[in-house]
$ cat entry-v1.csv   # CSV, C-alpha atoms
chain,number,residue,atom,x,y,z
A,1,MET,CA,135.6,-3.7,28.5
A,2,ALA,CA,137.8,-6.2,30.2
A,3,THR,CA,139.4,-8.7,27.9
A,4,PRO,CA,139.6,-12.3,29.2
A,5,LYS,CA,143.4,-11.9,29.8
A,6,ARG,CA,142.8,-8.7,31.8
A,7,LYS,CA,140.0,-10.4,33.8
A,8,GLY,CA,142.4,-13.3,34.6
A,9,SER,CA,145.0,-10.9,36.0
A,10,THR,CA,142.4,-9.2,38.1
A,11,TYR,CA,141.7,-12.5,39.9
A,12,GLU,CA,145.4,-13.2,40.0
A,13,ARG,CA,146.0,-9.9,41.8
A,14,ALA,CA,143.1,-10.7,44.2
A,15,LEU,CA,144.7,-14.0,45.1
A,16,ALA,CA,148.1,-12.4,45.6
A,17,ASN,CA,146.5,-9.8,48.0
A,18,LYS,CA,144.7,-12.6,49.9
A,19,LEU,CA,147.9,-14.5,50.4
A,20,TRP,CA,149.6,-11.2,51.6
A,21,SER,CA,146.7,-10.5,54.0
A,22,MET,CA,147.4,-14.0,55.5
A,23,GLY,CA,150.9,-12.8,56.4
A,24,LEU,CA,152.9,-14.4,53.6
A,25,ALA,CA,155.5,-12.5,51.5
A,26,VAL,CA,154.0,-12.5,48.0
A,27,LEU,CA,155.3,-11.6,44.5
A,28,ARG,CA,153.5,-11.7,41.2
A,29,GLY,CA,155.8,-12.5,38.3
A,30,CYS,CA,156.7,-9.6,36.1
A,31,SER,CA,157.1,-10.9,32.6
A,32,SER,CA,157.1,-7.8,30.5
A,33,GLY,CA,160.4,-6.3,29.1
A,34,GLY,CA,163.4,-8.0,27.6
A,35,GLY,CA,165.5,-10.6,29.2
A,36,VAL,CA,162.7,-12.5,30.9
A,37,ARG,CA,163.1,-15.4,28.5
A,38,LYS,CA,166.4,-16.3,30.3
A,39,ARG,CA,164.5,-16.9,33.5
A,40,PHE,CA,161.1,-18.6,34.0
A,41,VAL,CA,158.6,-16.4,35.8
A,42,PRO,CA,155.7,-18.0,37.7
A,43,ASP,CA,152.4,-16.2,38.1
A,44,ILE,CA,152.7,-15.9,41.9
A,45,VAL,CA,155.3,-16.9,44.5
A,46,ALA,CA,154.3,-16.9,48.2
A,47,ILE,CA,156.9,-17.3,50.9
A,48,GLY,CA,156.1,-18.1,54.6
A,49,PRO,CA,158.2,-19.2,57.5
A,50,GLY,CA,160.2,-22.2,56.1
A,51,PHE,CA,158.1,-22.8,53.0
A,52,VAL,CA,157.8,-21.5,49.4
A,53,LEU,CA,154.7,-21.9,47.2
A,54,VAL,CA,155.0,-21.5,43.5
A,55,PHE,CA,151.7,-20.9,41.6
A,56,GLU,CA,150.4,-21.2,38.1
A,57,VAL,CA,147.2,-19.3,38.3
A,58,LYS,CA,144.1,-20.1,36.2
A,59,TYR,CA,140.8,-18.3,36.2
A,60,ARG,CA,138.0,-19.5,33.9
A,61,SER,CA,134.5,-18.0,33.5
A,62,GLU,CA,133.4,-21.3,31.9
A,63,ARG,CA,133.4,-24.7,33.6
A,64,LYS,CA,135.7,-26.4,31.0
A,65,PRO,CA,138.9,-28.5,31.4
A,66,VAL,CA,142.0,-26.4,31.9
A,67,ARG,CA,145.2,-27.7,30.3
A,68,ILE,CA,148.8,-26.9,31.3
A,69,GLU,CA,151.5,-28.0,28.8
A,70,GLU,CA,154.4,-30.2,29.9
A,71,GLU,CA,156.9,-27.4,29.1
A,72,LYS,CA,155.3,-25.0,31.6
A,73,VAL,CA,154.9,-27.8,34.2
A,74,SER,CA,158.6,-28.6,33.8
A,75,LYS,CA,159.6,-25.0,34.3
A,76,LEU,CA,157.3,-24.6,37.4
A,77,LEU,CA,159.0,-27.7,38.9
A,78,GLU,CA,162.5,-26.3,38.1
A,79,PHE,CA,161.6,-23.0,39.8
A,80,ALA,CA,160.2,-24.8,42.8
A,81,LYS,CA,163.3,-27.0,43.1
A,82,ARG,CA,165.6,-24.0,43.0
A,83,ALA,CA,163.5,-22.3,45.7
A,84,GLY,CA,163.2,-25.5,47.8
A,85,GLY,CA,159.4,-25.1,47.5
A,86,ASP,CA,156.3,-26.7,46.1
A,87,ALA,CA,154.4,-26.0,42.9
A,88,TYR,CA,150.7,-25.8,42.6
A,89,VAL,CA,148.0,-24.9,40.0
A,90,ALA,CA,145.8,-22.3,41.6
A,91,ILE,CA,142.4,-22.6,39.8
A,92,LYS,CA,139.1,-20.7,40.1
A,93,PHE,CA,136.0,-21.2,38.1
A,94,LYS,CA,133.7,-18.2,38.0
A,95,GLY,CA,131.6,-18.1,41.2
A,96,ASP,CA,133.7,-20.8,43.0
A,97,ASP,CA,136.5,-20.4,45.6
A,98,TRP,CA,140.2,-21.0,44.7
A,99,ARG,CA,141.4,-24.6,44.7
A,100,PHE,CA,144.9,-25.8,44.7
A,101,ILE,CA,146.4,-28.9,42.9
A,102,PRO,CA,150.0,-30.0,43.6
A,103,ILE,CA,152.3,-30.3,40.6
A,104,THR,CA,154.5,-33.2,41.1
A,105,GLU,CA,155.5,-34.8,37.9
A,106,LYS,CA,156.8,-33.6,34.6
A,107,ALA,CA,153.8,-34.2,32.4
A,108,SER,CA,151.0,-32.0,30.9
A,109,ILE,CA,148.1,-31.5,33.3
A,110,VAL,CA,144.4,-31.4,32.5
A,111,VAL,CA,142.1,-30.2,35.3
A,112,LYS,CA,138.4,-30.9,34.9
A,113,PRO,CA,136.0,-28.9,36.9
A,114,ASP,CA,134.9,-32.0,38.8
A,115,ASP,CA,138.5,-32.7,39.8
A,116,LEU,CA,138.4,-29.7,42.1
A,117,ASP,CA,136.1,-31.3,44.6
A,118,GLY,CA,139.1,-33.2,46.1
A,119,ALA,CA,141.6,-30.3,45.7
A,120,TYR,CA,142.9,-28.2,48.6
A,121,THR,CA,141.1,-25.1,49.6
A,122,LEU,CA,143.3,-22.1,50.5
A,123,GLU,CA,143.0,-22.9,54.2
A,124,GLN,CA,143.8,-26.6,53.7
A,125,LEU,CA,146.8,-25.6,51.6
A,126,ILE,CA,148.3,-23.2,54.2
A,127,SER,CA,147.6,-25.7,57.0
A,128,LYS,CA,149.9,-28.2,55.3
A,129,TYR,CA,152.8,-25.8,56.0
A,130,VAL,CA,152.1,-24.0,59.2
A,131,SER,CA,151.8,-26.1,62.3
A,132,ARG,CA,148.5,-25.9,64.2
A,133,SER,CA,150.4,-25.8,67.5
A,134,LEU,CA,152.4,-22.8,66.4
A,135,LEU,CA,149.1,-21.0,65.4
A,136,ASP,CA,147.5,-21.9,68.8
A,137,PHE,CA,150.7,-20.7,70.6
A,138,LEU,CA,150.7,-17.4,68.8
A,139,ARG,CA,147.0,-16.8,69.2
B,1,MET,CA,167.3,7.1,24.0
B,2,ALA,CA,167.2,5.3,27.3
B,3,THR,CA,165.8,7.3,30.2
B,4,PRO,CA,167.6,7.0,33.6
B,5,LYS,CA,164.7,4.9,34.9
B,6,ARG,CA,164.8,2.5,31.9
B,7,LYS,CA,168.6,2.2,32.3
B,8,GLY,CA,168.1,1.3,35.9
B,9,SER,CA,165.6,-1.5,35.0
B,10,THR,CA,168.1,-2.9,32.4
B,11,TYR,CA,170.7,-3.3,35.2
B,12,GLU,CA,168.1,-4.7,37.5
B,13,ARG,CA,167.1,-7.3,34.9
B,14,ALA,CA,170.8,-8.1,34.4
B,15,LEU,CA,171.2,-8.7,38.2
B,16,ALA,CA,168.1,-10.9,38.2
B,17,ASN,CA,169.5,-13.0,35.3
B,18,LYS,CA,172.8,-13.3,37.0
B,19,LEU,CA,171.2,-14.6,40.3
B,20,TRP,CA,169.2,-17.0,38.1
B,21,SER,CA,172.3,-18.3,36.3
B,22,MET,CA,173.8,-19.0,39.8
B,23,GLY,CA,170.9,-21.5,40.4
B,24,LEU,CA,168.6,-19.4,42.5
B,25,ALA,CA,164.9,-19.0,42.0
B,26,VAL,CA,164.5,-15.3,41.1
B,27,LEU,CA,161.5,-12.9,40.7
B,28,ARG,CA,161.5,-9.2,39.9
B,29,GLY,CA,158.6,-7.4,41.5
B,30,CYS,CA,155.8,-6.4,39.2
B,31,SER,CA,154.4,-3.1,40.4
B,32,SER,CA,152.2,-2.1,37.5
B,33,GLY,CA,148.4,-2.4,37.6
B,34,GLY,CA,145.9,-1.9,40.4
B,35,GLY,CA,146.0,-3.5,43.8
B,36,VAL,CA,149.8,-3.4,44.3
B,37,ARG,CA,149.5,-0.7,46.9
B,38,LYS,CA,148.0,-3.4,49.2
B,39,ARG,CA,151.2,-5.3,49.1
B,40,PHE,CA,154.8,-4.1,49.2
B,41,VAL,CA,156.7,-5.3,46.1
B,42,PRO,CA,160.5,-5.5,46.3
B,43,ASP,CA,162.7,-5.0,43.2
B,44,ILE,CA,164.1,-8.5,43.3
B,45,VAL,CA,163.6,-11.6,45.5
B,46,ALA,CA,166.0,-14.5,45.1
B,47,ILE,CA,165.4,-17.8,46.8
B,48,GLY,CA,167.9,-20.6,47.4
B,49,PRO,CA,168.0,-23.8,49.4
B,50,GLY,CA,166.9,-22.5,52.8
B,51,PHE,CA,167.4,-18.8,52.3
B,52,VAL,CA,165.5,-15.8,50.9
B,53,LEU,CA,167.2,-12.6,49.7
B,54,VAL,CA,165.1,-9.4,49.3
B,55,PHE,CA,166.7,-6.7,47.3
B,56,GLU,CA,166.2,-3.0,46.8
B,57,VAL,CA,168.2,-2.3,43.6
B,58,LYS,CA,170.0,0.9,42.9
B,59,TYR,CA,172.0,1.7,39.8
B,60,ARG,CA,173.7,5.1,39.5
B,61,SER,CA,175.7,6.5,36.6
B,62,GLU,CA,177.2,9.1,38.9
B,63,ARG,CA,179.2,8.5,42.0
B,64,LYS,CA,176.9,10.3,44.4
B,65,PRO,CA,175.3,9.2,47.7
B,66,VAL,CA,172.2,7.0,47.4
B,67,ARG,CA,169.4,7.5,49.8
B,68,ILE,CA,166.6,5.1,50.8
B,69,GLU,CA,163.8,6.5,52.9
B,70,GLU,CA,162.8,5.0,56.2
B,71,GLU,CA,159.3,4.0,54.9
B,72,LYS,CA,160.9,1.9,52.1
B,73,VAL,CA,163.4,0.4,54.5
B,74,SER,CA,160.6,-0.5,56.9
B,75,LYS,CA,158.6,-2.3,54.1
B,76,LEU,CA,161.7,-4.2,53.0
B,77,LEU,CA,162.2,-5.4,56.5
B,78,GLU,CA,158.6,-6.4,56.8
B,79,PHE,CA,158.7,-8.4,53.5
B,80,ALA,CA,161.9,-10.1,54.6
B,81,LYS,CA,160.4,-11.0,58.0
B,82,ARG,CA,157.3,-12.5,56.3
B,83,ALA,CA,159.6,-14.5,54.0
B,84,GLY,CA,162.0,-15.5,56.8
B,85,GLY,CA,164.7,-13.9,54.8
B,86,ASP,CA,167.2,-11.0,54.7
B,87,ALA,CA,167.0,-7.6,53.1
B,88,TYR,CA,169.8,-5.9,51.2
B,89,VAL,CA,170.5,-2.9,49.1
B,90,ALA,CA,172.0,-4.1,45.8
B,91,ILE,CA,174.0,-1.1,44.5
B,92,LYS,CA,176.0,-0.5,41.4
B,93,PHE,CA,177.8,2.6,40.3
B,94,LYS,CA,178.5,2.8,36.6
B,95,GLY,CA,181.6,0.7,35.7
B,96,ASP,CA,181.7,-1.0,39.1
B,97,ASP,CA,180.5,-4.4,40.1
B,98,TRP,CA,177.4,-5.0,42.2
B,99,ARG,CA,177.8,-4.6,46.0
B,100,PHE,CA,175.4,-5.6,48.7
B,101,ILE,CA,174.6,-3.9,52.0
B,102,PRO,CA,172.5,-5.6,54.7
B,103,ILE,CA,169.4,-3.7,55.8
B,104,THR,CA,168.9,-4.4,59.5
B,105,GLU,CA,167.3,-1.4,61.2
B,106,LYS,CA,164.2,0.7,60.5
B,107,ALA,CA,165.9,3.9,59.6
B,108,SER,CA,166.7,5.8,56.4
B,109,ILE,CA,169.9,4.7,54.7
B,110,VAL,CA,172.5,6.8,52.9
B,111,VAL,CA,175.1,4.8,51.0
B,112,LYS,CA,178.1,6.8,49.9
B,113,PRO,CA,180.3,5.5,47.1
B,114,ASP,CA,183.2,5.0,49.5
B,115,ASP,CA,181.0,2.8,51.7
B,116,LEU,CA,181.0,0.2,49.1
B,117,ASP,CA,184.6,-0.8,49.6
B,118,GLY,CA,183.6,-2.8,52.7
B,119,ALA,CA,180.3,-4.1,51.2
B,120,TYR,CA,179.7,-7.7,50.1
B,121,THR,CA,180.5,-8.7,46.5
B,122,LEU,CA,177.9,-11.0,44.9
B,123,GLU,CA,180.2,-14.0,45.6
B,124,GLN,CA,180.7,-13.0,49.3
B,125,LEU,CA,176.9,-12.6,49.7
B,126,ILE,CA,176.0,-16.0,48.4
B,127,SER,CA,178.8,-17.7,50.3
B,128,LYS,CA,177.1,-16.4,53.5
B,129,TYR,CA,174.2,-18.7,52.7
B,130,VAL,CA,175.5,-21.7,51.0
B,131,SER,CA,178.0,-23.9,52.8
B,132,ARG,CA,181.4,-24.4,51.2
B,133,SER,CA,181.3,-28.1,52.1
B,134,LEU,CA,178.0,-28.6,50.3
B,135,LEU,CA,179.5,-26.9,47.2
B,136,ASP,CA,182.6,-29.1,47.4
B,137,PHE,CA,180.6,-32.2,47.9
B,138,LEU,CA,178.4,-31.4,44.8
B,139,ARG,CA,181.3,-30.5,42.6
$ encode --input "entry-v1.csv" --output "structure tokens"
Amino acid sequence: MATPKRKGSTYERALANKLWSMGLAVLRGCSSGGGVRKRFVPDIVAIGPGFVLVFEVKYRSERKPVRIEEEKVSKLLEFAKRAGGDAYVAIKFKGDDWRFIPITEKASIVVKPDDLDGAYTLEQLISKYVSRSLLDFLR
Amino acid sequence: MATPKRKGSTYERALANKLWSMGLAVLRGCSSGGGVRKRFVPDIVAIGPGFVLVFEVKYRSERKPVRIEEEKVSKLLEFAKRAGGDAYVAIKFKGDDWRFIPITEKASIVVKPDDLDGAYTLEQLISKYVSRSLLDFLR
């Protein structure tokens, strides 16, 4: 039987594979083993031509608010700053598509299921970073 | 007792921590679990302001040639291309410092211990990507 944690990582892997299939360079953070405490390890980092996306990934089988503590937010922002990239919460409630919320300020975050109506879809997120003209040119 | 593989990952972690301490955003590839075969996962990716370094990491306790197969080289180059970055073999023989050899063409690589005399040191590698003037300005 899948534990909740295991289920979460299944969805995280699926998101990583999807980002890869879109042509990005993708890594899931590997937090097992000693020494990791010296560095912060995000759930997923996706790199495209001239942009870096740093993701905290949340999957929930129930439609309840999701909280991310200030300490984690702060580390995500620090990682994104080092990488010259942007940090996002990638969030998926059971049965829904992934949605993406920018992390911009050092404060704890609470995402309510209804907040996701205004959040980026995956396509909207990537369109922010890749120019339409380039895509049309390459097509 | 440490197995050779375990020893290698200890050195790999140490290199990741060193790159992090230099101010880069660093991830070690996490290749356990299902689904990874869909994506290629490099040993280490380090991201700085405007550059991405993709590393195949090799530690050897004996001074013998190190071989990297063409298939692996090809995947490293593909990952680097997606990320708009550069791929390197990071190699360390027991007792020596890390050295870095650029991966540029799709062919198997054999690194002999003597080849490392002309290879980048860590400092030389990073200096290729960060302008001296910026460092002096920020100091």
$ closest_atom_pairs --input "entry-v1.csv" --of "chain B" --to "chain A" --cutoff "7 Å" --atoms "all atoms listed in the file" --output "JSON lines"
{"residue": "B:Arg13", "atom": "CA", "partner": "A:Gly35", "partner_atom": "CA", "distance": 6.8}
{"residue": "B:Asn17", "atom": "CA", "partner": "A:Arg39", "partner_atom": "CA", "distance": 6.6}
{"residue": "B:Trp20", "atom": "CA", "partner": "A:Arg39", "partner_atom": "CA", "distance": 6.6}
{"residue": "B:Gly23", "atom": "CA", "partner": "A:Arg82", "partner_atom": "CA", "distance": 6.4}
{"residue": "B:Leu24", "atom": "CA", "partner": "A:Arg82", "partner_atom": "CA", "distance": 5.5}
{"residue": "B:Ala25", "atom": "CA", "partner": "A:Arg82", "partner_atom": "CA", "distance": 5.1}
{"residue": "B:Leu27", "atom": "CA", "partner": "A:Gly29", "partner_atom": "CA", "distance": 6.2}
{"residue": "B:Arg28", "atom": "CA", "partner": "A:Cys30", "partner_atom": "CA", "distance": 6.1}
{"residue": "B:Gly29", "atom": "CA", "partner": "A:Leu27", "partner_atom": "CA", "distance": 6.1}
{"residue": "B:Cys30", "atom": "CA", "partner": "A:Cys30", "partner_atom": "CA", "distance": 4.5}
{"residue": "B:Gly35", "atom": "CA", "partner": "A:Arg13", "partner_atom": "CA", "distance": 6.7}
{"residue": "B:Lys38", "atom": "CA", "partner": "A:Asn17", "partner_atom": "CA", "distance": 6.7}
{"residue": "B:Arg39", "atom": "CA", "partner": "A:Asn17", "partner_atom": "CA", "distance": 6.6}
{"residue": "B:Val41", "atom": "CA", "partner": "A:Leu27", "partner_atom": "CA", "distance": 6.6}
{"residue": "B:Ile47", "atom": "CA", "partner": "A:Ala83", "partner_atom": "CA", "distance": 5.0}
{"residue": "B:Gly48", "atom": "CA", "partner": "A:Ala83", "partner_atom": "CA", "distance": 5.0}
{"residue": "B:Pro49", "atom": "CA", "partner": "A:Gly84", "partner_atom": "CA", "distance": 5.3}
{"residue": "B:Gly50", "atom": "CA", "partner": "A:Gly84", "partner_atom": "CA", "distance": 6.9}
{"residue": "B:Phe79", "atom": "CA", "partner": "A:Ala25", "partner_atom": "CA", "distance": 5.6}
{"residue": "B:Arg82", "atom": "CA", "partner": "A:Ala25", "partner_atom": "CA", "distance": 5.1}
{"residue": "B:Ala83", "atom": "CA", "partner": "A:Ile47", "partner_atom": "CA", "distance": 5.0}
{"residue": "B:Gly84", "atom": "CA", "partner": "A:Pro49", "partner_atom": "CA", "distance": 5.3}
$ atom_distance --input "entry-v1.csv" --atom1 "atom CA of B:Ile68" --atom2 "atom CA of B:Ser108"
5.6 Å
$ residues_around --input "entry-v1.csv" --residues "A:Tyr11" --least-positions-apart "4" --cutoff "7 Å" --atoms "only C-alpha atoms" --output "list in words"
Lys7, Leu15 and Tyr59 of chain A
$ atom_distance --input "entry-v1.csv" --atom1 "atom CA of B:Asp96" --atom2 "atom CA of B:Ser127"
20.3 Å
$ residues_around --input "entry-v1.csv" --residues "B:Asp97" --least-positions-apart "2" --cutoff "12 Å" --atoms "all atoms listed in the file" --output "ChimeraX atom specification"
/B:11,14-15,59-60,90-95,99-100,116-117,119-123
$ atom_distance --input "entry-v1.csv" --atom1 "atom CA of A:Phe137" --atom2 "atom CA of A:Leu125"
20.0 Å
$ closest_residue --input "entry-v1.csv" --among "B:Lys128, B:Arg139, B:Lys112, B:Lys106" --to "B:Ser74" --atoms "all atoms listed in the file"
B:Lys106
$ closest_residue --input "entry-v1.csv" --among "A:Glu56, A:Asp136, A:Glu12, A:Asp115" --to "A:Lys72" --atoms "all atoms listed in the file"
A:Glu56
